[in-house]
Amino acid sequence: MRKIMILLAIIIVGMLIPVGFSTSDTQVVITYGETTYNNANYKNAVDTFFATNAGVDLKNVDSKIITASDVNKISGSITGKTYSSDQVFSSALVDLNDNDDLKVSVDKSKITTITGDMYISALKSSGITAGHVYVTSPVEATGESALAGIMNSYEVVTEVEIPEPVKEAANNEIYTQAEIVKNSDVNADDLSKMVDDVKEEVQVNNVTDHTTIVNIINNYTTINNINITNSDIENLATSIEQTQNVQGDVNSYQSQVSDIINGTGSNETNGLLDGLFN
């Protein structure tokens, strides 16, 4: 009788779980730039990087396409720069199976401006503190547009939407640092470290005054011997001020995803399986 009950339970579970559920790794998502996705050679190059570096079977991974329209919704309001459908190359893979800490691996042979530390800083400003992110492109690209895809991947995996003000602040941070690297010929890693130091002081002291943030940036440029223009300092202060002003939204988002990322949240399917086999 017990064997019959177990067999019935297995049959019921098989009927309830959607086809393909067991073969799809729901903790991994790839977002392709639409230019890359629409070109077989480009897509193959990106897939090769992901498969080699992330060590995952891409056949079992969900994917989404990030269009120029998706990127322009963010970049248009920040820099006024818009992209066409043949200009979105950057692609990203997010793996939440590796969730001990936030890591970003950037294909430095293709991503020319944005560094792994810059992505980490922007993502942490958004409340994202776990997962392993891989970023690449089939051709040389600055990497600015990749953040939109990375954030979209986290939304797909966790099924929690990142608040729009948080997305805009994080992307503004990336775009601002990219502009400073280009305008002032500053080492990207040095700039990223300095920005992290400034953000930490601003957050610890809950600074929201623009002039005070400018003064803090000036202090750290002197300490780190980094020369950037007054215009870049103003823009960076505005970006950090924006990040500080969305902390309420960040905390709200983080509380929603923390259980999911840490594996402590409730899961209806797991609960169903536990109940049946108990």
# chains A, B, ... in the order shown; residues from 1 in each chain; ligands from 1
>>> select_by_dssp(residues="segment 56-239 of chain A", states="helix (DSSP H, G or I)", output="tab-separated table (two decimals) with N, CA, C and O atoms, in the first residue's frame")
chain	number	residue	atom	x	y	z
A	58	LEU	N	24.28	25.96	-21.22
A	58	LEU	CA	23.41	27.03	-21.69
A	58	LEU	C	22.08	26.52	-22.23
A	58	LEU	O	21.12	27.30	-22.36
A	59	LYS	N	22.00	25.23	-22.52
A	59	LYS	CA	20.73	24.67	-23.00
A	59	LYS	C	19.66	24.73	-21.91
A	59	LYS	O	18.46	24.70	-22.20
A	60	ASN	N	20.10	24.78	-20.66
A	60	ASN	CA	19.16	24.78	-19.54
A	60	ASN	C	18.94	26.16	-18.95
A	60	ASN	O	18.37	26.30	-17.87
A	68	ALA	N	17.32	48.06	-27.93
A	68	ALA	CA	17.74	49.46	-27.88
A	68	ALA	C	16.71	50.29	-27.13
A	68	ALA	O	17.06	51.21	-26.38
A	69	SER	N	15.45	49.95	-27.32
A	69	SER	CA	14.39	50.67	-26.62
A	69	SER	C	14.53	50.53	-25.11
A	69	SER	O	14.34	51.50	-24.36
A	70	ASP	N	14.87	49.32	-24.65
A	70	ASP	CA	15.07	49.08	-23.21
A	70	ASP	C	16.19	49.95	-22.67
A	70	ASP	O	16.07	50.56	-21.60
A	71	VAL	N	17.30	50.00	-23.41
A	71	VAL	CA	18.45	50.79	-22.97
A	71	VAL	C	18.14	52.28	-23.02
A	71	VAL	O	18.50	53.04	-22.12
A	72	ASN	N	17.44	52.70	-24.07
A	72	ASN	CA	17.15	54.12	-24.24
A	72	ASN	C	16.22	54.68	-23.16
A	72	ASN	O	16.27	55.87	-22.85
A	73	LYS	N	15.38	53.82	-22.60
A	73	LYS	CA	14.50	54.27	-21.52
A	73	LYS	C	15.33	54.77	-20.35
A	73	LYS	O	14.90	55.65	-19.60
A	74	ILE	N	16.51	54.19	-20.19
A	74	ILE	CA	17.39	54.57	-19.09
A	74	ILE	C	18.38	55.64	-19.52
A	74	ILE	O	18.48	56.70	-18.93
A	75	SER	N	19.12	55.36	-20.60
A	75	SER	CA	20.19	56.27	-21.01
A	75	SER	C	19.64	57.61	-21.49
A	75	SER	O	20.27	58.66	-21.29
A	76	GLY	N	18.46	57.59	-22.12
A	76	GLY	CA	17.89	58.82	-22.64
A	76	GLY	C	17.65	59.86	-21.58
A	76	GLY	O	17.87	61.07	-21.79
A	77	SER	N	17.22	59.42	-20.40
A	77	SER	CA	16.92	60.36	-19.32
A	77	SER	C	18.17	60.76	-18.55
A	77	SER	O	18.14	61.71	-17.77
A	78	ILE	N	19.28	60.04	-18.76
A	78	ILE	CA	20.51	60.34	-18.01
A	78	ILE	C	21.48	61.17	-18.84
A	78	ILE	O	21.94	62.23	-18.41
A	116	GLY	N	34.72	45.51	-13.53
A	116	GLY	CA	33.93	44.69	-12.62
A	116	GLY	C	33.59	45.42	-11.34
A	116	GLY	O	32.47	45.33	-10.83
A	117	ASP	N	34.55	46.20	-10.81
A	117	ASP	CA	34.32	46.95	-9.58
A	117	ASP	C	33.24	48.01	-9.76
A	117	ASP	O	32.48	48.30	-8.83
A	118	MET	N	33.18	48.61	-10.94
A	118	MET	CA	32.14	49.60	-11.21
A	118	MET	C	30.75	48.96	-11.19
A	118	MET	O	29.81	49.52	-10.61
A	119	TYR	N	30.65	47.79	-11.82
A	119	TYR	CA	29.35	47.08	-11.79
A	119	TYR	C	28.99	46.70	-10.36
A	119	TYR	O	27.84	46.87	-9.95
A	120	ILE	N	29.95	46.20	-9.60
A	120	ILE	CA	29.69	45.79	-8.22
A	120	ILE	C	29.20	46.98	-7.41
A	120	ILE	O	28.23	46.88	-6.65
A	121	SER	N	29.87	48.11	-7.55
A	121	SER	CA	29.50	49.30	-6.80
A	121	SER	C	28.08	49.74	-7.12
A	121	SER	O	27.28	50.03	-6.22
A	122	ALA	N	27.74	49.76	-8.41
A	122	ALA	CA	26.39	50.18	-8.82
A	122	ALA	C	25.33	49.19	-8.36
A	122	ALA	O	24.25	49.59	-7.92
A	123	LEU	N	25.64	47.90	-8.45
A	123	LEU	CA	24.68	46.88	-8.04
A	123	LEU	C	24.46	46.91	-6.52
A	123	LEU	O	23.32	46.78	-6.05
A	124	LYS	N	25.53	47.09	-5.77
A	124	LYS	CA	25.38	47.18	-4.31
A	124	LYS	C	24.58	48.42	-3.92
A	124	LYS	O	23.82	48.39	-2.94
A	125	SER	N	24.73	49.49	-4.67
A	125	SER	CA	23.93	50.69	-4.42
A	125	SER	C	22.45	50.41	-4.64
A	125	SER	O	21.59	51.10	-4.11
A	146	ALA	N	25.22	47.27	-20.41
A	146	ALA	CA	25.08	45.93	-19.83
A	146	ALA	C	24.33	45.96	-18.51
A	146	ALA	O	23.67	44.98	-18.14
A	147	LEU	N	24.41	47.07	-17.77
A	147	LEU	CA	23.77	47.11	-16.45
A	147	LEU	C	22.27	46.93	-16.55
A	147	LEU	O	21.66	46.31	-15.68
A	148	ALA	N	21.67	47.45	-17.62
A	148	ALA	CA	20.23	47.27	-17.82
A	148	ALA	C	19.89	45.78	-17.91
A	148	ALA	O	18.91	45.31	-17.33
A	149	GLY	N	20.71	45.03	-18.64
A	149	GLY	CA	20.49	43.59	-18.77
A	149	GLY	C	20.75	42.84	-17.48
A	149	GLY	O	20.02	41.91	-17.14
A	150	ILE	N	21.79	43.25	-16.74
A	150	ILE	CA	22.09	42.59	-15.47
A	150	ILE	C	20.92	42.75	-14.51
A	150	ILE	O	20.48	41.78	-13.87
A	151	MET	N	20.40	43.96	-14.40
A	151	MET	CA	19.29	44.20	-13.49
A	151	MET	C	18.04	43.45	-13.93
A	151	MET	O	17.29	42.92	-13.10
A	152	ASN	N	17.85	43.37	-15.23
A	152	ASN	CA	16.71	42.62	-15.76
A	152	ASN	C	16.84	41.15	-15.40
A	152	ASN	O	15.84	40.49	-15.05
A	153	SER	N	18.07	40.62	-15.43
A	153	SER	CA	18.29	39.22	-15.06
A	153	SER	C	17.92	38.96	-13.62
A	153	SER	O	17.30	37.95	-13.29
A	154	TYR	N	18.30	39.87	-12.73
A	154	TYR	CA	17.95	39.71	-11.32
A	154	TYR	C	16.44	39.73	-11.14
A	154	TYR	O	15.89	38.99	-10.31
A	155	GLU	N	15.76	40.55	-11.91
A	155	GLU	CA	14.30	40.60	-11.81
A	155	GLU	C	13.68	39.28	-12.26
A	155	GLU	O	12.71	38.80	-11.66
A	156	VAL	N	14.23	38.70	-13.32
A	156	VAL	CA	13.71	37.43	-13.84
A	156	VAL	C	13.92	36.31	-12.82
A	156	VAL	O	13.02	35.53	-12.52
A	157	VAL	N	15.13	36.24	-12.25
A	157	VAL	CA	15.46	35.16	-11.33
A	157	VAL	C	14.66	35.26	-10.03
A	157	VAL	O	14.14	34.28	-9.52
A	158	THR	N	14.56	36.47	-9.49
A	158	THR	CA	13.92	36.65	-8.18
A	158	THR	C	12.42	36.93	-8.28
A	158	THR	O	11.70	36.83	-7.29
A	164	GLU	N	12.06	51.72	-10.26
A	164	GLU	CA	12.62	52.53	-11.34
A	164	GLU	C	13.61	53.58	-10.84
A	164	GLU	O	14.66	53.78	-11.48
A	165	PRO	N	13.34	54.29	-9.73
A	165	PRO	CA	14.32	55.28	-9.26
A	165	PRO	C	15.67	54.64	-8.92
A	165	PRO	O	16.72	55.25	-9.11
A	166	VAL	N	15.63	53.39	-8.43
A	166	VAL	CA	16.87	52.68	-8.09
A	166	VAL	C	17.63	52.32	-9.37
A	166	VAL	O	18.85	52.48	-9.45
A	167	LYS	N	16.91	51.83	-10.38
A	167	LYS	CA	17.54	51.52	-11.67
A	167	LYS	C	18.21	52.75	-12.26
A	167	LYS	O	19.35	52.71	-12.73
A	168	GLU	N	17.48	53.87	-12.22
A	168	GLU	CA	18.00	55.09	-12.82
A	168	GLU	C	19.25	55.57	-12.08
A	168	GLU	O	20.23	55.98	-12.71
A	169	ALA	N	19.24	55.48	-10.75
A	169	ALA	CA	20.39	55.92	-9.97
A	169	ALA	C	21.61	55.05	-10.26
A	169	ALA	O	22.73	55.57	-10.42
A	170	ALA	N	21.41	53.74	-10.34
A	170	ALA	CA	22.53	52.83	-10.59
A	170	ALA	C	23.11	53.04	-11.99
A	170	ALA	O	24.33	53.07	-12.18
A	171	ASN	N	22.23	53.19	-12.96
A	171	ASN	CA	22.71	53.41	-14.32
A	171	ASN	C	23.38	54.77	-14.46
A	171	ASN	O	24.36	54.92	-15.19
A	172	ASN	N	22.86	55.77	-13.74
A	172	ASN	CA	23.49	57.09	-13.77
A	172	ASN	C	24.90	57.01	-13.22
A	172	ASN	O	25.82	57.66	-13.72
A	173	GLU	N	25.07	56.18	-12.17
A	173	GLU	CA	26.41	55.99	-11.59
A	173	GLU	C	27.37	55.42	-12.62
A	173	GLU	O	28.51	55.88	-12.77
A	174	ILE	N	26.91	54.39	-13.34
A	174	ILE	CA	27.76	53.76	-14.37
A	174	ILE	C	28.09	54.76	-15.48
A	174	ILE	O	29.26	54.90	-15.89
A	175	TYR	N	27.08	55.44	-15.99
A	175	TYR	CA	27.30	56.39	-17.09
A	175	TYR	C	28.21	57.53	-16.65
A	175	TYR	O	29.08	57.97	-17.41
A	176	THR	N	28.04	58.02	-15.42
A	176	THR	CA	28.86	59.13	-14.93
A	176	THR	C	30.32	58.72	-14.84
A	176	THR	O	31.22	59.47	-15.27
A	177	GLN	N	30.58	57.54	-14.29
A	177	GLN	CA	31.96	57.09	-14.17
A	177	GLN	C	32.58	56.85	-15.55
A	177	GLN	O	33.77	57.14	-15.75
A	178	ALA	N	31.80	56.33	-16.47
A	178	ALA	CA	32.31	56.10	-17.83
A	178	ALA	C	32.71	57.42	-18.48
A	178	ALA	O	33.76	57.52	-19.13
A	179	GLU	N	31.89	58.46	-18.28
A	179	GLU	CA	32.20	59.77	-18.83
A	179	GLU	C	33.46	60.36	-18.21
A	179	GLU	O	34.28	60.97	-18.90
A	180	ILE	N	33.62	60.16	-16.90
A	180	ILE	CA	34.82	60.69	-16.22
A	180	ILE	C	36.07	60.00	-16.75
A	180	ILE	O	37.10	60.64	-16.99
A	181	VAL	N	35.99	58.68	-16.93
A	181	VAL	CA	37.14	57.94	-17.47
A	181	VAL	C	37.52	58.48	-18.84
A	181	VAL	O	38.71	58.67	-19.15
A	182	LYS	N	36.51	58.77	-19.66
A	182	LYS	CA	36.78	59.28	-21.01
A	182	LYS	C	37.25	60.74	-20.98
A	182	LYS	O	38.17	61.11	-21.70
A	183	ASN	N	36.62	61.56	-20.14
A	183	ASN	CA	36.93	63.00	-20.13
A	183	ASN	C	38.26	63.32	-19.47
A	183	ASN	O	39.01	64.19	-19.95
A	184	SER	N	38.54	62.66	-18.37
A	184	SER	CA	39.72	63.03	-17.57
A	184	SER	C	40.86	62.04	-17.68
A	184	SER	O	41.90	62.21	-17.03
A	188	ALA	N	40.32	53.59	-14.49
A	188	ALA	CA	38.97	53.19	-14.10
A	188	ALA	C	38.92	52.55	-12.72
A	188	ALA	O	38.02	52.81	-11.93
A	189	ASP	N	39.91	51.71	-12.40
A	189	ASP	CA	39.93	51.05	-11.10
A	189	ASP	C	40.17	52.05	-9.97
A	189	ASP	O	39.56	51.95	-8.90
A	190	ASP	N	41.06	53.01	-10.21
A	190	ASP	CA	41.32	54.05	-9.20
A	190	ASP	C	40.07	54.88	-8.96
A	190	ASP	O	39.74	55.21	-7.81
A	191	LEU	N	39.38	55.22	-10.03
A	191	LEU	CA	38.16	56.01	-9.90
A	191	LEU	C	37.09	55.24	-9.14
A	191	LEU	O	36.43	55.78	-8.24
A	192	SER	N	36.94	53.96	-9.46
A	192	SER	CA	35.93	53.13	-8.80
A	192	SER	C	36.18	53.04	-7.30
A	192	SER	O	35.25	53.14	-6.50
A	193	LYS	N	37.44	52.86	-6.92
A	193	LYS	CA	37.78	52.78	-5.50
A	193	LYS	C	37.46	54.09	-4.80
A	193	LYS	O	36.91	54.10	-3.68
A	194	MET	N	37.80	55.21	-5.44
A	194	MET	CA	37.52	56.51	-4.84
A	194	MET	C	36.03	56.73	-4.66
A	194	MET	O	35.57	57.21	-3.62
A	195	VAL	N	35.25	56.36	-5.68
A	195	VAL	CA	33.79	56.52	-5.61
A	195	VAL	C	33.22	55.68	-4.47
A	195	VAL	O	32.34	56.14	-3.73
A	196	ASP	N	33.72	54.48	-4.30
A	196	ASP	CA	33.27	53.63	-3.19
A	196	ASP	C	33.55	54.28	-1.85
A	196	ASP	O	32.72	54.26	-0.94
A	197	ASP	N	34.74	54.89	-1.71
A	197	ASP	CA	35.10	55.57	-0.45
A	197	ASP	C	34.17	56.75	-0.19
A	197	ASP	O	33.71	56.95	0.94
A	198	VAL	N	33.89	57.50	-1.23
A	198	VAL	CA	32.99	58.66	-1.09
A	198	VAL	C	31.59	58.19	-0.72
A	198	VAL	O	30.96	58.73	0.21
A	199	LYS	N	31.09	57.18	-1.41
A	199	LYS	CA	29.74	56.68	-1.13
A	199	LYS	C	29.62	56.15	0.30
A	199	LYS	O	28.60	56.34	0.96
A	200	GLU	N	30.69	55.48	0.76
A	200	GLU	CA	30.66	54.95	2.12
A	200	GLU	C	30.55	56.07	3.16
A	200	GLU	O	29.76	56.00	4.09
A	201	GLU	N	31.35	57.13	2.97
A	201	GLU	CA	31.29	58.25	3.91
A	201	GLU	C	29.94	58.95	3.85
A	201	GLU	O	29.37	59.31	4.89
A	202	VAL	N	29.43	59.12	2.65
A	202	VAL	CA	28.13	59.77	2.48
A	202	VAL	C	27.03	58.95	3.15
A	202	VAL	O	26.16	59.50	3.83
A	203	GLN	N	27.09	57.62	2.97
A	203	GLN	CA	26.05	56.77	3.54
A	203	GLN	C	26.15	56.69	5.06
A	203	GLN	O	25.13	56.77	5.76
A	204	VAL	N	27.36	56.54	5.58
A	204	VAL	CA	27.55	56.44	7.03
A	204	VAL	C	27.04	57.69	7.73
A	204	VAL	O	26.41	57.63	8.79
A	210	HIS	N	24.26	68.59	-1.54
A	210	HIS	CA	25.12	68.51	-2.72
A	210	HIS	C	26.50	69.12	-2.48
A	210	HIS	O	27.52	68.51	-2.82
A	211	THR	N	26.53	70.28	-1.87
A	211	THR	CA	27.82	70.96	-1.63
A	211	THR	C	28.72	70.14	-0.73
A	211	THR	O	29.94	70.05	-0.95
A	212	THR	N	28.13	69.53	0.29
A	212	THR	CA	28.92	68.69	1.19
A	212	THR	C	29.50	67.49	0.45
A	212	THR	O	30.66	67.10	0.67
A	213	ILE	N	28.71	66.90	-0.44
A	213	ILE	CA	29.20	65.75	-1.22
A	213	ILE	C	30.34	66.19	-2.14
A	213	ILE	O	31.33	65.47	-2.30
A	214	VAL	N	30.22	67.36	-2.73
A	214	VAL	CA	31.30	67.90	-3.58
A	214	VAL	C	32.58	68.04	-2.77
A	214	VAL	O	33.67	67.66	-3.23
A	215	ASN	N	32.46	68.55	-1.55
A	215	ASN	CA	33.64	68.72	-0.70
A	215	ASN	C	34.27	67.37	-0.34
A	215	ASN	O	35.50	67.24	-0.29
A	216	ILE	N	33.43	66.38	-0.09
A	216	ILE	CA	33.94	65.03	0.22
A	216	ILE	C	34.69	64.47	-0.98
A	216	ILE	O	35.78	63.88	-0.84
A	217	ILE	N	34.13	64.65	-2.17
A	217	ILE	CA	34.81	64.17	-3.40
A	217	ILE	C	36.15	64.87	-3.56
A	217	ILE	O	37.18	64.23	-3.87
A	218	ASN	N	36.17	66.18	-3.36
A	218	ASN	CA	37.43	66.93	-3.48
A	218	ASN	C	38.48	66.40	-2.51
A	218	ASN	O	39.67	66.28	-2.86
A	219	ASN	N	38.07	66.08	-1.31
A	219	ASN	CA	39.01	65.54	-0.32
A	219	ASN	C	39.61	64.23	-0.79
A	219	ASN	O	40.83	64.00	-0.68
A	220	TYR	N	38.76	63.36	-1.35
A	220	TYR	CA	39.25	62.06	-1.79
A	220	TYR	C	40.07	62.13	-3.07
A	220	TYR	O	40.97	61.30	-3.28
A	221	THR	N	39.80	63.11	-3.93
A	221	THR	CA	40.65	63.27	-5.12
A	221	THR	C	42.05	63.67	-4.70
A	221	THR	O	43.05	63.24	-5.31
A	222	THR	N	42.14	64.49	-3.66
A	222	THR	CA	43.45	64.90	-3.14
A	222	THR	C	44.17	63.72	-2.49
A	222	THR	O	45.36	63.47	-2.75
A	223	ILE	N	43.46	62.98	-1.64
A	223	ILE	CA	44.04	61.83	-0.94
A	223	ILE	C	44.57	60.79	-1.94
A	223	ILE	O	45.64	60.21	-1.76
A	230	ASN	N	36.22	70.01	-12.65
A	230	ASN	CA	35.15	70.47	-11.76
A	230	ASN	C	33.78	70.02	-12.25
A	230	ASN	O	32.90	69.70	-11.45
A	231	SER	N	33.63	69.99	-13.57
A	231	SER	CA	32.36	69.54	-14.15
A	231	SER	C	32.10	68.07	-13.81
A	231	SER	O	30.97	67.69	-13.44
A	232	ASP	N	33.15	67.26	-13.90
A	232	ASP	CA	33.01	65.84	-13.56
A	232	ASP	C	32.72	65.65	-12.08
A	232	ASP	O	31.96	64.76	-11.69
A	233	ILE	N	33.34	66.48	-11.24
A	233	ILE	CA	33.07	66.41	-9.80
A	233	ILE	C	31.62	66.74	-9.51
A	233	ILE	O	30.96	66.06	-8.70
A	234	GLU	N	31.09	67.75	-10.19
A	234	GLU	CA	29.68	68.13	-10.01
A	234	GLU	C	28.76	66.98	-10.44
A	234	GLU	O	27.79	66.66	-9.74
A	235	ASN	N	29.07	66.39	-11.58
A	235	ASN	CA	28.24	65.30	-12.08
A	235	ASN	C	28.30	64.08	-11.15
A	235	ASN	O	27.28	63.42	-10.91
A	236	LEU	N	29.49	63.80	-10.64
A	236	LEU	CA	29.65	62.67	-9.72
A	236	LEU	C	28.89	62.93	-8.43
A	236	LEU	O	28.24	62.03	-7.88
A	237	ALA	N	28.94	64.15	-7.94
A	237	ALA	CA	28.21	64.51	-6.72
A	237	ALA	C	26.71	64.35	-6.92
A	237	ALA	O	26.00	63.85	-6.04
A	238	THR	N	26.23	64.76	-8.08
A	238	THR	CA	24.80	64.61	-8.39
A	238	THR	C	24.41	63.14	-8.42
A	238	THR	O	23.36	62.75	-7.91
A	239	SER	N	25.28	62.31	-9.01
A	239	SER	CA	25.01	60.87	-9.08
A	239	SER	C	24.97	60.25	-7.69
A	239	SER	O	24.05	59.47	-7.37
>>> residues_around(residues="segment 140-145 of chain A", least_positions_apart="4", cutoff="6 Å", atoms="only C-alpha atoms", output="list of chain:residue names")
A:Ser90, A:Lys110, A:Ile111, A:Thr112, A:Thr113, A:Ile114
>>> write_last_selection(atoms="C-alpha atoms", output="compact mmCIF listing (two decimals), in the first residue's frame")
# COMPACT_ATOMS: atom_id res chain seq x y z
CA SER A 90 26.81 43.94 -24.31
CA LYS A 110 35.80 43.29 -25.20
CA ILE A 111 34.46 45.58 -22.44
CA THR A 112 36.66 48.66 -22.72
CA THR A 113 35.42 51.13 -20.09
CA ILE A 114 33.28 49.68 -17.30
>>> closest_residue(among="A:Asn38, A:Thr129, A:Ser137, A:Gln256", to="Phe89 of chain A", atoms="only C-alpha atoms")
A:Ser137
>>> atom_distance(atom1="atom CA of Val29 of chain A", atom2="atom CA of Asp62 of chain A")
5.1 Å
>>> select_by_dssp(residues="segment 115-207 of chain A", states="strand (DSSP E or B)", output="ChimeraX atom specification")
/A:131-136,141
>>> atom_distance(atom1="atom CA of Lys103 of chain A", atom2="atom CA of Ile66 of chain A")
21.6 Å
>>> closest_residue(among="A:Val186, A:Val250, A:Val207, A:Val94", to="Ile226 of chain A", atoms="only C-alpha atoms")
A:Val186
>>> residues_around(residues="Asp95 of chain A", least_positions_apart="4", cutoff="9 Å", atoms="only C-alpha atoms", output="VMD selection string")
chain A and resid 27 to 30 54 99 131 to 134 157
>>> write_last_selection(atoms="N, CA and C atoms", output="tab-separated table (two decimals), in the first residue's frame")
chain	number	residue	atom	x	y	z
A	27	GLN	N	17.88	29.61	-11.58
A	27	GLN	CA	18.76	30.53	-10.87
A	27	GLN	C	19.77	31.20	-11.80
A	28	VAL	N	19.68	30.89	-13.10
A	28	VAL	CA	20.61	31.46	-14.08
A	28	VAL	C	19.82	32.07	-15.23
A	29	VAL	N	20.19	33.28	-15.61
A	29	VAL	CA	19.54	33.96	-16.73
A	29	VAL	C	20.60	34.68	-17.58
A	30	ILE	N	20.41	34.63	-18.88
A	30	ILE	CA	21.27	35.38	-19.79
A	30	ILE	C	20.45	36.49	-20.43
A	54	ALA	N	31.48	30.56	-16.93
A	54	ALA	CA	30.47	30.29	-15.89
A	54	ALA	C	30.31	28.81	-15.62
A	99	ASN	N	25.95	32.33	-4.61
A	99	ASN	CA	25.38	33.48	-3.91
A	99	ASN	C	26.05	33.84	-2.60
A	131	GLY	N	25.36	36.76	-5.90
A	131	GLY	CA	25.30	36.27	-7.28
A	131	GLY	C	26.62	36.48	-8.00
A	132	HIS	N	26.80	35.76	-9.09
A	132	HIS	CA	27.99	35.93	-9.93
A	132	HIS	C	27.53	36.40	-11.30
A	133	VAL	N	28.04	37.54	-11.72
A	133	VAL	CA	27.65	38.16	-12.99
A	133	VAL	C	28.82	38.06	-13.96
A	134	TYR	N	28.51	37.68	-15.20
A	134	TYR	CA	29.51	37.61	-16.26
A	134	TYR	C	29.08	38.58	-17.37
A	157	VAL	N	15.13	36.24	-12.25
A	157	VAL	CA	15.46	35.16	-11.33
A	157	VAL	C	14.66	35.26	-10.03
>>> closest_residue(among="A:Val139, A:Ala51, A:Ile240, A:Val160", to="Tyr253 of chain A", atoms="only C-alpha atoms")
A:Val160
